[in-house]
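Shown below: work-v7.txt, with compact mmCIF, C-alpha atoms and all ligand atoms.
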# COMPACT_ATOMS: atom_id res chain seq x y z
CA MET A 252 -23.74 38.05 12.13
CA ASN A 253 -21.99 38.00 15.51
CA GLU A 254 -23.63 37.55 18.89
CA GLN A 255 -23.58 41.26 19.68
CA SER A 256 -25.38 42.01 16.42
CA HIS A 257 -28.04 39.48 17.34
CA ASP A 258 -28.51 41.07 20.76
CA GLN A 259 -28.73 44.48 19.17
CA LEU A 260 -31.27 43.28 16.66
CA LYS A 261 -33.36 41.81 19.47
CA GLN A 262 -33.20 45.11 21.33
CA ASN A 263 -34.05 47.02 18.15
CA SER A 264 -37.00 44.86 17.34
CA ALA A 265 -38.28 45.07 20.93
CA ASP A 266 -39.52 48.61 20.39
CA GLY A 267 -39.17 48.55 16.59
CA VAL A 268 -36.67 51.41 16.76
CA ASN A 269 -32.95 51.18 16.04
CA HIS A 270 -31.04 53.18 18.67
CA VAL A 271 -27.70 54.49 17.38
CA THR A 272 -25.34 56.75 19.34
CA LEU A 273 -21.93 58.04 18.31
CA THR A 274 -19.44 57.26 21.09
CA ALA A 275 -17.53 60.51 20.40
CA LEU A 276 -20.55 62.56 21.49
CA GLN A 277 -19.90 61.67 25.12
CA GLN A 278 -16.27 62.83 24.93
CA PHE A 279 -16.99 65.92 22.86
CA HIS A 280 -16.31 69.43 24.16
CA CYS A 281 -16.13 72.40 21.85
CA ILE A 282 -12.48 73.52 21.74
CA GLY A 283 -13.53 77.11 20.92
CA THR A 284 -10.70 79.43 19.99
CA ASP A 285 -8.32 76.45 19.61
CA CYS A 286 -10.49 75.07 16.82
CA PRO A 287 -8.63 75.03 13.48
CA HIS A 288 -11.84 75.38 11.47
CA SER A 289 -14.34 77.05 13.74
CA CYS A 290 -18.01 76.76 12.80
CA CYS A 291 -18.32 80.49 13.69
CA ARG A 292 -15.91 81.40 10.91
CA ILE A 293 -17.20 79.29 8.04
CA ASN A 294 -19.40 80.88 5.42
CA TRP A 295 -22.62 79.28 6.72
CA HIS A 296 -26.03 80.85 7.09
CA ILE A 297 -26.79 80.60 10.80
CA GLN A 298 -30.56 80.58 11.18
CA VAL A 299 -32.11 82.38 14.12
CA ASP A 300 -35.18 80.43 15.14
CA PRO A 301 -38.36 82.28 16.25
CA ASP A 302 -37.88 81.54 19.99
CA THR A 303 -34.34 82.90 19.95
CA LEU A 304 -35.46 85.89 17.92
CA ALA A 305 -38.08 86.68 20.60
CA ARG A 306 -35.45 86.38 23.37
CA TRP A 307 -33.05 88.68 21.51
CA ARG A 308 -35.80 91.27 20.94
CA GLN A 309 -36.56 91.17 24.64
CA LEU A 310 -32.89 91.66 25.57
CA ASP A 311 -32.55 94.59 23.17
CA GLY A 312 -35.67 96.24 24.58
CA GLU A 313 -34.92 95.86 28.29
CA ALA A 314 -34.77 99.13 30.22
CA GLY A 315 -31.26 100.55 30.22
CA SER A 316 -29.98 97.93 27.77
CA ASP A 317 -27.48 98.96 25.14
CA GLU A 318 -27.72 95.49 23.55
CA ASN A 319 -28.33 95.45 19.80
CA LEU A 320 -28.56 91.79 18.86
CA MET A 321 -31.28 92.41 16.28
CA ALA A 322 -28.84 94.56 14.32
CA HIS A 323 -27.03 91.27 13.61
CA VAL A 324 -30.07 89.59 12.06
CA LYS A 325 -31.19 89.81 8.44
CA ARG A 326 -33.73 88.06 6.19
CA PHE A 327 -32.34 85.48 3.82
CA SER A 328 -34.10 83.34 1.22
CA ASN A 329 -33.09 80.08 -0.38
CA ALA A 330 -34.82 77.04 -1.92
CA ALA A 331 -36.24 76.10 1.51
CA GLY A 332 -37.92 79.51 1.95
CA GLU A 333 -37.24 82.72 3.91
CA HIS A 334 -35.28 82.70 7.15
CA ASP A 335 -33.78 85.05 9.70
CA VAL A 336 -30.02 84.59 9.75
CA VAL A 337 -27.08 86.10 11.61
CA THR A 338 -25.10 88.66 9.59
CA LYS A 339 -21.45 88.07 8.72
CA ASN A 340 -18.24 90.06 8.73
CA ALA A 341 -16.38 90.75 5.50
CA ASP A 342 -14.27 87.60 6.05
CA ALA A 343 -17.51 85.51 6.33
CA SER A 344 -17.12 84.98 10.08
CA CYS A 345 -20.11 85.47 12.40
CA SER A 346 -20.66 89.17 13.18
CA LEU A 347 -21.39 88.30 16.82
CA LEU A 348 -17.79 87.26 17.52
CA ASP A 349 -15.97 89.71 19.79
CA PRO A 350 -12.40 90.98 19.13
CA GLN A 351 -11.03 87.95 21.06
CA GLY A 352 -12.94 85.60 18.76
CA LEU A 353 -15.46 84.61 21.45
CA CYS A 354 -19.21 84.51 20.93
CA ARG A 355 -20.78 87.65 22.42
CA VAL A 356 -24.13 85.96 23.00
CA GLN A 357 -22.64 82.97 24.81
CA LYS A 358 -20.31 85.16 26.88
CA GLN A 359 -22.83 87.81 27.95
CA HIS A 360 -26.13 85.93 28.05
CA GLY A 361 -25.27 82.23 28.25
CA HIS A 362 -25.81 79.11 26.17
CA ASP A 363 -29.61 79.32 26.29
CA TYR A 364 -29.59 82.54 24.29
CA LEU A 365 -27.73 81.01 21.34
CA PRO A 366 -29.77 80.18 18.22
CA GLN A 367 -30.90 76.55 18.24
CA THR A 368 -28.46 75.76 15.38
CA CYS A 369 -25.50 76.96 17.48
CA ARG A 370 -26.75 75.23 20.64
CA GLU A 371 -27.01 71.90 18.81
CA PHE A 372 -24.03 71.98 16.44
CA PRO A 373 -22.27 69.62 15.81
CA ARG A 374 -24.95 67.22 17.07
CA VAL A 375 -27.19 65.43 14.57
CA PHE A 376 -30.48 63.95 15.77
CA VAL A 377 -32.93 61.76 13.89
CA ASP A 378 -36.09 60.23 15.34
CA ASP A 379 -38.38 58.81 12.72
CA GLY A 380 -39.97 55.79 14.34
CA ILE A 381 -37.48 53.45 12.64
CA VAL A 382 -34.20 54.88 13.89
CA SER A 383 -33.28 57.01 16.88
CA LEU A 384 -29.91 58.52 15.99
CA ARG A 385 -27.58 60.59 18.18
CA SER A 386 -24.65 61.49 15.96
CA ALA A 387 -22.45 64.48 15.12
CA SER A 388 -21.32 66.38 12.06
CA LEU A 389 -17.92 65.71 10.50
CA ALA A 390 -17.75 69.40 9.61
CA CYS A 391 -16.45 69.82 13.18
CA PRO A 392 -12.70 69.09 13.45
CA GLU A 393 -13.02 67.83 17.02
CA ILE A 394 -15.67 65.30 16.01
CA VAL A 395 -13.50 64.12 13.08
CA ARG A 396 -10.60 63.62 15.49
CA LEU A 397 -12.64 61.84 18.15
CA ALA A 398 -14.84 59.74 15.89
CA LEU A 399 -12.38 58.69 13.19
CA PHE A 400 -8.84 59.16 14.48
CA SER A 401 -8.69 58.93 18.25
CA ARG A 402 -6.88 55.89 19.51
CA ARG A 403 -9.31 53.51 21.09
CA PRO A 404 -8.04 51.91 24.25
CA GLU A 405 -9.38 48.48 23.47
CA GLU A 406 -8.86 46.83 20.16
CA GLY A 407 -12.15 46.75 18.36
CA GLU A 408 -13.86 49.45 20.43
CA SER A 409 -16.59 50.83 18.24
CA MET A 410 -17.07 54.33 16.94
CA LEU A 411 -20.71 53.79 17.87
CA GLN A 412 -22.23 52.63 21.12
CA THR A 413 -24.33 50.42 18.95
CA ASP A 414 -22.48 47.53 17.35
CA ARG A 415 -21.42 48.90 13.98
CA ASP A 416 -22.64 45.84 12.13
CA SER A 417 -26.19 46.49 13.20
CA VAL A 418 -26.55 50.25 12.78
CA PHE A 419 -28.72 49.85 9.71
CA ALA A 420 -30.47 46.74 10.98
CA VAL A 421 -34.15 47.43 11.41
CA ALA A 422 -37.11 45.23 12.12
CA GLN A 423 -38.48 44.02 8.79
CA ARG A 424 -42.16 44.74 9.23
CA VAL A 425 -44.21 45.43 6.15
CA THR A 426 -46.78 48.04 7.06
CA GLY A 427 -49.43 49.99 5.21
CA ASP A 428 -47.06 52.94 4.95
CA ALA A 429 -45.24 52.54 1.61
CA TYR A 430 -42.54 55.03 2.46
CA ALA A 431 -41.76 53.30 5.78
CA ASN A 432 -41.47 50.03 3.83
CA ILE A 433 -39.04 51.64 1.38
CA LYS A 434 -36.89 52.90 4.23
CA ARG A 435 -36.93 49.51 5.92
CA VAL A 436 -35.94 47.49 2.84
CA THR A 437 -33.27 50.04 1.90
CA ALA A 438 -31.87 50.01 5.43
CA ASP A 439 -31.79 46.22 5.39
CA PHE A 440 -29.98 46.29 2.06
CA LEU A 441 -27.41 48.80 3.34
CA HIS A 442 -27.01 46.77 6.51
CA ARG A 443 -26.22 43.61 4.57
CA VAL A 444 -23.85 45.27 2.09
CA MET A 445 -21.86 47.26 4.67
CA GLN A 446 -21.43 44.14 6.77
CA ARG A 447 -19.58 42.40 3.94
CA ARG A 448 -16.24 43.92 4.88
CA ALA A 449 -14.31 41.16 3.10
CA VAL A 450 -15.45 42.89 -0.11
CA PRO A 451 -13.46 46.13 -0.61
CA LEU A 452 -15.31 49.33 0.25
CA ASN A 453 -15.17 50.74 -3.30
CA LEU A 454 -16.95 47.66 -4.67
CA ARG A 455 -19.64 47.84 -2.02
CA LEU A 456 -20.26 51.52 -2.81
CA PHE A 457 -20.45 50.76 -6.52
CA PHE A 458 -22.97 48.02 -5.75
CA ILE A 459 -25.07 50.23 -3.45
CA ALA A 460 -25.12 53.08 -5.98
CA GLY A 461 -26.18 50.88 -8.91
CA SER A 462 -28.74 48.80 -7.01
CA PHE A 463 -30.45 51.62 -5.17
CA SER A 464 -30.55 53.88 -8.20
CA ARG A 465 -32.27 51.21 -10.32
CA PHE A 466 -34.66 50.44 -7.48
CA HIS A 467 -35.52 54.10 -7.09
CA HIS A 468 -36.30 54.64 -10.77
CA GLU A 469 -38.59 51.61 -10.95
CA LEU A 470 -40.20 52.70 -7.71
CA ALA A 471 -41.02 56.04 -9.30
CA GLN A 472 -42.71 54.23 -12.20
CA GLN A 473 -44.46 51.34 -10.42
CA GLY A 474 -44.79 52.27 -6.76
CA PHE A 475 -43.58 50.08 -3.91
CA THR A 476 -44.27 46.37 -3.86
CA PRO A 477 -42.47 43.71 -1.79
CA ARG A 478 -41.71 42.01 -5.14
CA LEU A 479 -39.85 45.10 -6.40
CA ALA A 480 -37.74 45.22 -3.23
CA GLU A 481 -37.09 41.47 -3.53
CA THR A 482 -35.85 41.83 -7.11
CA HIS A 483 -33.60 44.78 -6.47
CA PHE A 484 -32.19 43.97 -3.09
CA LYS A 485 -32.67 40.49 -1.68
CA THR A 486 -31.93 38.47 -4.79
CA ARG A 487 -28.97 40.57 -5.90
CA PHE A 488 -26.46 39.66 -3.23
CA HIS A 489 -24.74 37.00 -5.30
CA LEU A 490 -23.77 39.86 -7.66
CA LEU A 491 -21.54 41.35 -4.99
CA SER A 492 -19.24 38.33 -5.05
CA GLN A 493 -19.34 38.39 -8.85
CA ILE A 494 -18.38 42.07 -8.86
CA ALA A 495 -15.43 41.32 -6.59
CA GLN A 496 -14.27 38.51 -8.91
CA ASP A 497 -14.68 40.62 -12.06
CA HIS A 498 -12.82 43.52 -10.52
CA LYS A 499 -9.97 41.27 -9.45
CA ALA A 500 -9.79 39.80 -12.94
CA GLY A 501 -9.67 43.32 -14.42
CA THR A 502 -12.88 42.86 -16.41
CA LEU A 503 -14.74 45.48 -14.38
CA GLN A 504 -13.24 48.93 -14.79
CA SER A 505 -14.31 52.54 -15.13
CA ASN A 506 -14.89 53.95 -18.58
CA PRO A 507 -12.13 56.60 -18.89
CA VAL A 508 -14.36 59.22 -20.53
CA THR A 509 -17.24 58.78 -18.04
CA ALA A 510 -14.84 58.73 -15.11
CA GLY A 511 -12.77 61.69 -16.36
CA SER A 512 -15.96 63.71 -16.88
CA TYR A 513 -17.23 62.82 -13.41
CA TRP A 514 -14.00 63.79 -11.65
CA LYS A 515 -13.90 67.07 -13.56
CA THR A 516 -17.42 67.80 -12.22
CA ILE A 517 -16.19 67.09 -8.70
CA ALA A 518 -13.19 69.39 -9.28
CA ASP A 519 -15.58 72.14 -10.41
CA LEU A 520 -17.65 71.61 -7.26
CA LEU A 521 -14.50 72.00 -5.12
CA VAL A 522 -13.74 75.27 -6.88
CA SER A 523 -17.30 76.60 -6.65
CA ARG A 524 -17.41 75.82 -2.92
CA GLN A 525 -13.96 77.34 -2.51
CA VAL A 526 -12.41 74.17 -1.17
CA THR A 527 -9.03 75.26 -2.46
CA LEU A 528 -7.60 74.01 0.80
CA ASP A 529 -4.52 75.51 2.29
CA VAL A 530 -3.32 71.92 2.70
CA LEU A 531 -2.31 71.99 -0.94
CA GLN A 532 0.77 74.12 -0.42
CA ALA A 533 0.54 76.70 -3.16
CA GLY A 534 3.99 76.32 -4.74
CA GLN A 535 3.91 72.54 -5.11
CA ALA A 536 0.23 72.34 -6.04
CA ALA A 537 0.59 74.69 -8.99
CA GLN A 538 3.16 72.29 -10.48
CA ALA A 539 1.19 69.12 -9.75
CA PRO A 540 0.18 67.44 -13.04
CA LEU A 541 -3.29 66.53 -11.79
CA VAL A 542 -3.98 70.02 -10.43
CA GLN A 543 -2.85 71.58 -13.73
CA LEU A 544 -5.05 69.22 -15.75
CA LEU A 545 -8.11 69.86 -13.57
CA ASP A 546 -7.64 73.59 -14.12
CA THR A 547 -8.33 73.08 -17.81
CA GLY A 548 -11.85 73.97 -18.90
CA SER A 549 -12.10 71.43 -21.74
CA ARG A 550 -15.14 69.12 -22.14
CA ASP A 551 -13.43 67.06 -24.85
CA PRO A 552 -13.50 63.22 -24.54
CA ALA A 553 -9.74 63.12 -25.23
CA TYR A 554 -9.24 65.51 -22.31
CA PHE A 555 -11.34 63.33 -20.00
CA GLU A 556 -9.29 60.27 -20.99
CA LYS A 557 -6.04 62.10 -20.32
CA LEU A 558 -7.37 63.34 -17.01
CA TYR A 559 -8.41 59.85 -16.00
CA THR A 560 -4.95 58.46 -16.87
CA GLU A 561 -3.47 61.00 -14.48
CA ILE A 562 -6.01 60.06 -11.83
CA GLU A 563 -5.12 56.38 -12.21
CA THR A 564 -1.48 57.19 -11.48
CA ASN A 565 -2.40 58.87 -8.20
CA ARG A 566 -5.02 56.24 -7.38
CA ASP A 567 -2.27 53.62 -7.62
CA VAL A 568 0.01 55.65 -5.34
CA TYR A 569 -2.81 55.86 -2.78
CA GLY A 570 -3.42 52.13 -3.12
CA GLN A 571 0.23 51.26 -2.52
CA ARG A 572 1.01 53.71 0.29
CA TYR A 573 -2.18 54.48 2.16
CA ALA A 574 -5.12 52.22 1.34
CA GLN A 575 -4.35 49.76 4.11
CA ARG A 576 -3.41 52.43 6.65
CA TYR A 577 -6.66 54.35 6.24
CA ALA A 578 -9.02 51.47 5.45
CA LYS A 579 -10.67 51.60 8.89
CA VAL A 580 -10.97 55.40 8.82
CA PHE A 581 -12.93 55.24 5.58
CA GLU A 582 -14.97 52.25 6.67
CA ASP A 583 -16.06 54.26 9.74
CA TYR A 584 -16.38 57.44 7.71
CA MET A 585 -18.86 55.86 5.29
CA VAL A 586 -21.09 54.49 8.07
CA LEU A 587 -21.14 57.91 9.73
CA SER A 588 -21.72 59.72 6.46
CA PHE A 589 -24.76 57.55 5.66
CA LEU A 590 -26.12 58.09 9.17
CA ASN A 591 -25.49 61.84 9.25
CA ARG A 592 -27.10 62.34 5.85
CA LYS A 593 -30.05 60.30 7.10
CA PHE A 594 -29.78 57.75 4.34
CA PRO A 595 -32.05 55.83 4.22
CA PHE A 596 -33.84 57.43 7.16
CA ASN A 597 -34.88 60.65 5.45
CA GLN A 598 -37.90 62.61 6.38
CA HIS A 599 -38.99 62.97 2.77
CA GLU A 600 -39.12 60.32 0.09
CA SER A 601 -38.05 62.78 -2.62
CA ASN A 602 -34.75 63.28 -0.79
CA LEU A 603 -33.85 59.62 -0.50
CA LEU A 604 -31.90 59.25 -3.74
CA ALA A 605 -30.55 62.78 -3.46
CA SER A 606 -29.11 62.01 -0.03
CA LEU A 607 -27.33 58.93 -1.43
CA VAL A 608 -25.86 61.11 -4.19
CA MET A 609 -24.84 63.57 -1.48
CA VAL A 610 -23.00 60.87 0.50
CA LEU A 611 -21.17 59.67 -2.60
CA THR A 612 -20.36 63.15 -3.88
CA VAL A 613 -18.83 64.25 -0.58
CA VAL A 614 -16.66 61.13 -0.33
CA ALA A 615 -15.64 61.58 -3.99
CA ALA A 616 -14.58 65.17 -3.23
CA ILE A 617 -12.44 63.90 -0.34
CA GLN A 618 -10.90 61.30 -2.62
CA LEU A 619 -10.11 63.80 -5.40
CA LEU A 620 -8.38 66.16 -2.95
CA ILE A 621 -6.24 63.27 -1.75
CA TRP A 622 -5.17 62.48 -5.31
CA MET A 623 -4.39 66.17 -5.94
CA LEU A 624 -2.30 66.19 -2.82
CA LEU A 625 -0.41 63.06 -3.83
CA SER A 626 0.13 64.56 -7.28
CA ALA A 627 1.74 67.52 -5.46
CA GLN A 628 4.11 65.01 -3.79
CA GLN A 629 2.69 65.61 -0.34
CA GLU A 630 2.66 63.06 2.45
CA LEU A 631 -0.86 62.11 3.54
CA ASP A 632 -0.43 62.03 7.30
CA GLU A 633 -3.33 61.79 9.74
CA ALA A 634 -3.43 65.52 10.45
CA LEU A 635 -3.73 66.29 6.76
CA LEU A 636 -6.42 63.69 6.21
CA GLN A 637 -8.42 65.13 9.10
CA ARG A 638 -8.20 68.59 7.54
CA ILE A 639 -9.32 67.29 4.17
CA ILE A 640 -12.33 65.58 5.73
CA TYR A 641 -13.60 68.50 7.82
CA ASN A 642 -12.92 71.02 5.05
CA VAL A 643 -14.92 69.06 2.48
CA GLU A 644 -17.63 68.21 5.01
CA SER A 645 -18.08 71.86 5.97
CA GLN A 646 -17.76 73.43 2.52
CA ILE A 647 -19.73 70.85 0.53
CA GLY A 648 -21.33 68.33 2.88
CA HIS A 649 -22.87 70.82 5.28
CA THR A 650 -24.50 73.00 2.65
CA ASP A 651 -27.26 72.56 0.12
CA ALA A 652 -24.70 72.90 -2.73
CA ILE A 653 -25.28 69.34 -3.96
CA PHE A 654 -29.07 69.64 -3.78
CA LYS A 655 -28.80 72.84 -5.84
CA THR A 656 -26.57 71.07 -8.38
CA LEU A 657 -29.03 68.17 -8.53
CA SER A 658 -31.97 70.46 -9.17
CA LYS A 659 -30.08 72.02 -12.10
CA ASP A 660 -28.66 68.74 -13.39
CA PRO A 661 -31.09 65.86 -12.64
CA HIS A 662 -28.83 63.55 -14.71
CA MET A 663 -26.69 63.26 -11.59
CA LEU A 664 -29.58 61.35 -10.03
CA GLN A 665 -29.19 58.61 -12.64
CA LEU A 666 -26.47 57.05 -10.57
CA GLU A 667 -26.52 53.74 -12.42
CA ARG A 668 -25.09 55.53 -15.48
CA TYR A 669 -21.88 56.48 -13.73
CA ALA A 670 -21.75 54.25 -10.63
CA GLU A 671 -18.56 52.69 -12.02
CA VAL A 672 -16.60 55.78 -10.93
CA TYR A 673 -16.92 54.58 -7.32
CA LEU A 674 -14.68 51.66 -8.27
CA ASP A 675 -11.83 54.16 -8.04
CA LEU A 676 -12.44 55.11 -4.43
CA PHE A 677 -9.91 54.24 -1.71
S1 LIG B 701 -16.34 73.36 14.74
FE1 LIG B 701 -16.67 72.10 16.60
S2 LIG B 701 -14.87 72.40 17.94
FE2 LIG B 701 -14.85 73.97 16.31
S3 LIG B 701 -15.79 75.79 17.25
FE3 LIG B 701 -17.43 74.65 16.17
S4 LIG B 701 -18.32 73.18 17.66
FE4 LIG B 701 -16.36 73.97 18.50
Since I need it in another form, could you write the structure as C-alpha cells?
Amino acid sequence: MNEQSHDQLKQNSADGVNHVTLTALQQFHCIGTDCPHSCCRINWHIQVDPDTLARWRQLDGEAGSDENLMAHVKRFSNAAGEHDVVTKNADASCSLLDPQGLCRVQKQHGHDYLPQTCREFPRVFVDDGIVSLRSASLACPEIVRLALFSRRPEEGESMLQTDRDSVFAVAQRVTGDAYANIKRVTADFLHRVMQRRAVPLNLRLFFIAGSFSRFHHELAQQGFTPRLAETHFKTRFHLLSQIAQDHKAGTLQSNPVTAGSYWKTIADLLVSRQVTLDVLQAGQAAQAPLVQLLDTGSRDPAYFEKLYTEIETNRDVYGQRYAQRYAKVFEDYMVLSFLNRKFPFNQHESNLLASLVMVLTVVAAIQLLIWMLLSAQQELDEALLQRIIYNVESQIGHTDAIFKTLSKDPHMLQLERYAEVYLDLF
C-alpha cells in the first residue's frame, strides 16, 4: 500500500466512514441537446416524487394558468410497488420535451420543479455509515467521457478524488450488526483484490465472483461469523497467485459449453433490452460470423461449443489489438461499476449478491458487444467504446432488467458454477 493509501485509510478510520468522490462530478455539466444519448429520450420510467407532484398540482391549479403538467403523469407498477411516472411519446422520449427537444418544466419553471430523479441524474449518492459516496452514472455519455476517457493533465491523476487503491478500504471494526460486518469484510476483500493490479483484471473478477458467491451461500446457511469471513476471504489470497499461474500455464480455462451457454444468455439480454446498437453498422453486422451464430435459437451443447470457438477468435483479436490500449479504461470502469451499484455497500443484504451479478452481467454485455463488433471487422476506437459503454449502462445497467431475470432464474445467483466465464473478459 502506498503512502497516500495509508493517509486515506487514517482519514477513513478517523470517522469510520470512507469518503469517495468521483473527480468528473466537479467538471460535469449536462450537454443537453448536444447529448448523443439523452436521458430524456431513453425508455426509462421517470418517477415523479410526492413533493414534485404537489408542486405540479399547484402550478396547474393557479389562477389563470393553462399549465397541464398532471396530464403528463400516470400510475405505473413494478416489483418495487406503484409509482407516479412521467408519460412518454411514441418514440419513448419524455412527453415533457418541447418541439426543440428542451425540457418544458426546466425552461418554464426552473430546475427546482423537476422531479427529484431528473434533478439528481446522473449523480449517485450513498451514505450508509461505512461509505459516503459521491459518484455518477455511466448511463450518461458525458460522465463516461469525463470519468473514463478524458485526458488527465498529470500522469496518474485519479478518476476519484480519493486514492483509487483505497476506495473500498474501510475500518475493520467488528460490531454487533451482522450485516455491517458482512459489508466490511466484503469491502476489505474487494479492496485487497482490486489493488493487485499485477494480476490481470479478468482473473481478479473470476476470483471475486467465485469467492464471494461461496461466502454468500454459506452465510445463508450458517449466518455470519468472523471465522466464516476468515475462511472465505482472508486465507484465500494465495489462491489468486495460483490462479494467475494456472491461467498462464493454460490449465485454467472456460468450459466451452458453460461459456457458450452464458454468452448466449447475455446475447438474449441484449436483444430483450433492445441494445441492438447502431454502432454495429447493419450491413457488416449481418454478415459477421459471431452475430449470425448468436441469432440462432439453439440450446444444443454442440451449438454452445461452436459459439464459444467463435468467441475465442474475437477474444484473441481483442487481446492482440486492444487489451493493452484499454486496460486502464476497464480498470477504472470496474471500480466505478462496483461503486455505482453499491457493491458491497448495499442498503439491503438480500441485494448484495444480486448487485455483484449485476456488475458482472453489465460488463459481460459490454464485452460481448465488443466481440460482435470485431467480428463485423469494425475498428474499436475510443468514440465507439464510449458508445458501447453508455448504451449498455443505460439499457441494461440502469434498469431492473437483471433483477427481474434473477428472480425468474435464481441459478444465475450461483456464480461459482459459471465464474470461469469471466476469464474471457478483456
Ligand atoms: S445523459 Fe447526461 S449529458 Fe445527456 S442529457 Fe442526460 S444528464 Fe445531460
At a cut-off of 8 Å from (-34.8, 57.6, 6.6) in the coordinates of the file, what residues are picked up using all atoms listed in the file, written as an mmCIF file with C-alpha atoms, in the frame of the given file?
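Printed below is result03.cif as written:
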data_model
loop_
_atom_site.group_PDB
_atom_site.id
_atom_site.type_symbol
_atom_site.label_atom_id
_atom_site.label_comp_id
_atom_site.auth_asym_id
_atom_site.auth_seq_id
_atom_site.Cartn_x
_atom_site.Cartn_y
_atom_site.Cartn_z
ATOM 1 C CA ASP A 379 -38.380 58.810 12.720
ATOM 2 C CA ILE A 381 -37.480 53.450 12.640
ATOM 3 C CA VAL A 382 -34.200 54.880 13.890
ATOM 4 C CA LYS A 434 -36.890 52.900 4.230
ATOM 5 C CA LYS A 593 -30.050 60.300 7.100
ATOM 6 C CA PHE A 594 -29.780 57.750 4.340
ATOM 7 C CA PRO A 595 -32.050 55.830 4.220
ATOM 8 C CA PHE A 596 -33.840 57.430 7.160
ATOM 9 C CA ASN A 597 -34.880 60.650 5.450
ATOM 10 C CA GLN A 598 -37.900 62.610 6.380
ATOM 11 C CA HIS A 599 -38.990 62.970 2.770
ATOM 12 C CA LEU A 603 -33.850 59.620 -0.500
#
Select the residues contacting ligand LIG 701 (chain B) at a distance of at most 12 Å, based on all atoms listed in the file, then format the selection as a VMD selection string. chain A and resid 276 278 to 293 295 344 to 345 348 352 to 354 368 to 374 387 to 397 638 641 to 642 644 to 645 649
Might you pull out every residue within 9 Å of Ala460 of chain A, with all atoms listed in the file counted and same-chain residues fewer than 2 positions away left off, and present them as a list in words?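 The filter keeps Arg455, Leu456, Phe457, Phe458, Ser462, Phe463, Ser464, Arg465, Leu607, Val608, Leu611, Leu666, Glu667, Ala670, Glu671 and Tyr673 of chain A.
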Across A:Val337, A:His362, A:Asn329, A:Ile562, the smallest distance to Phe654 of chain A, with all atoms listed in the file counted, is shown by A:Asn329
Selection: 12 Å around Glu563 of chain A, all atoms listed in the file, excl. self and same-chain fewer than 3 positions, as a ChimeraX atom specification: /A:504-507,510-511,514,541,556-560,566-570,619,622-623,625-626,672,674-677
Restricting it to C-alpha atoms, dump the selection as a PDB file, keeping the file's coordinate frame.
ATOM      1  CA  GLN A 504     -13.240  48.930 -14.790  1.00  0.00           C
ATOM      2  CA  SER A 505     -14.310  52.540 -15.130  1.00  0.00           C
ATOM      3  CA  ASN A 506     -14.890  53.950 -18.580  1.00  0.00           C
ATOM      4  CA  PRO A 507     -12.130  56.600 -18.890  1.00  0.00           C
ATOM      5  CA  ALA A 510     -14.840  58.730 -15.110  1.00  0.00           C
ATOM      6  CA  GLY A 511     -12.770  61.690 -16.360  1.00  0.00           C
ATOM      7  CA  TRP A 514     -14.000  63.790 -11.650  1.00  0.00           C
ATOM      8  CA  LEU A 541      -3.290  66.530 -11.790  1.00  0.00           C
ATOM      9  CA  GLU A 556      -9.290  60.270 -20.990  1.00  0.00           C
ATOM     10  CA  LYS A 557      -6.040  62.100 -20.320  1.00  0.00           C
ATOM     11  CA  LEU A 558      -7.370  63.340 -17.010  1.00  0.00           C
ATOM     12  CA  TYR A 559      -8.410  59.850 -16.000  1.00  0.00           C
ATOM     13  CA  THR A 560      -4.950  58.460 -16.870  1.00  0.00           C
ATOM     14  CA  ARG A 566      -5.020  56.240  -7.380  1.00  0.00           C
ATOM     15  CA  ASP A 567      -2.270  53.620  -7.620  1.00  0.00           C
ATOM     16  CA  VAL A 568       0.010  55.650  -5.340  1.00  0.00           C
ATOM     17  CA  TYR A 569      -2.810  55.860  -2.780  1.00  0.00           C
ATOM     18  CA  GLY A 570      -3.420  52.130  -3.120  1.00  0.00           C
ATOM     19  CA  LEU A 619     -10.110  63.800  -5.400  1.00  0.00           C
ATOM     20  CA  TRP A 622      -5.170  62.480  -5.310  1.00  0.00           C
ATOM     21  CA  MET A 623      -4.390  66.170  -5.940  1.00  0.00           C
ATOM     22  CA  LEU A 625      -0.410  63.060  -3.830  1.00  0.00           C
ATOM     23  CA  SER A 626       0.130  64.560  -7.280  1.00  0.00           C
ATOM     24  CA  VAL A 672     -16.600  55.780 -10.930  1.00  0.00           C
ATOM     25  CA  LEU A 674     -14.680  51.660  -8.270  1.00  0.00           C
ATOM     26  CA  ASP A 675     -11.830  54.160  -8.040  1.00  0.00           C
ATOM     27  CA  LEU A 676     -12.440  55.110  -4.430  1.00  0.00           C
ATOM     28  CA  PHE A 677      -9.910  54.240  -1.710  1.00  0.00           C
TER      29      PHE A 677
END
To one decimal in Å, tell me the separation between atom CA of Arg435 of chain A and atom CA of His489 of chain A.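 Going from atom CA of Arg435 of chain A over to atom CA of His489 of chain A covers 20.8 Å.
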From the options A:Leu491, A:Val375, A:Ala449, A:Leu320, which residue's atoms come nearest to His360 of chain A, counting only C-alpha atoms? A:Leu320
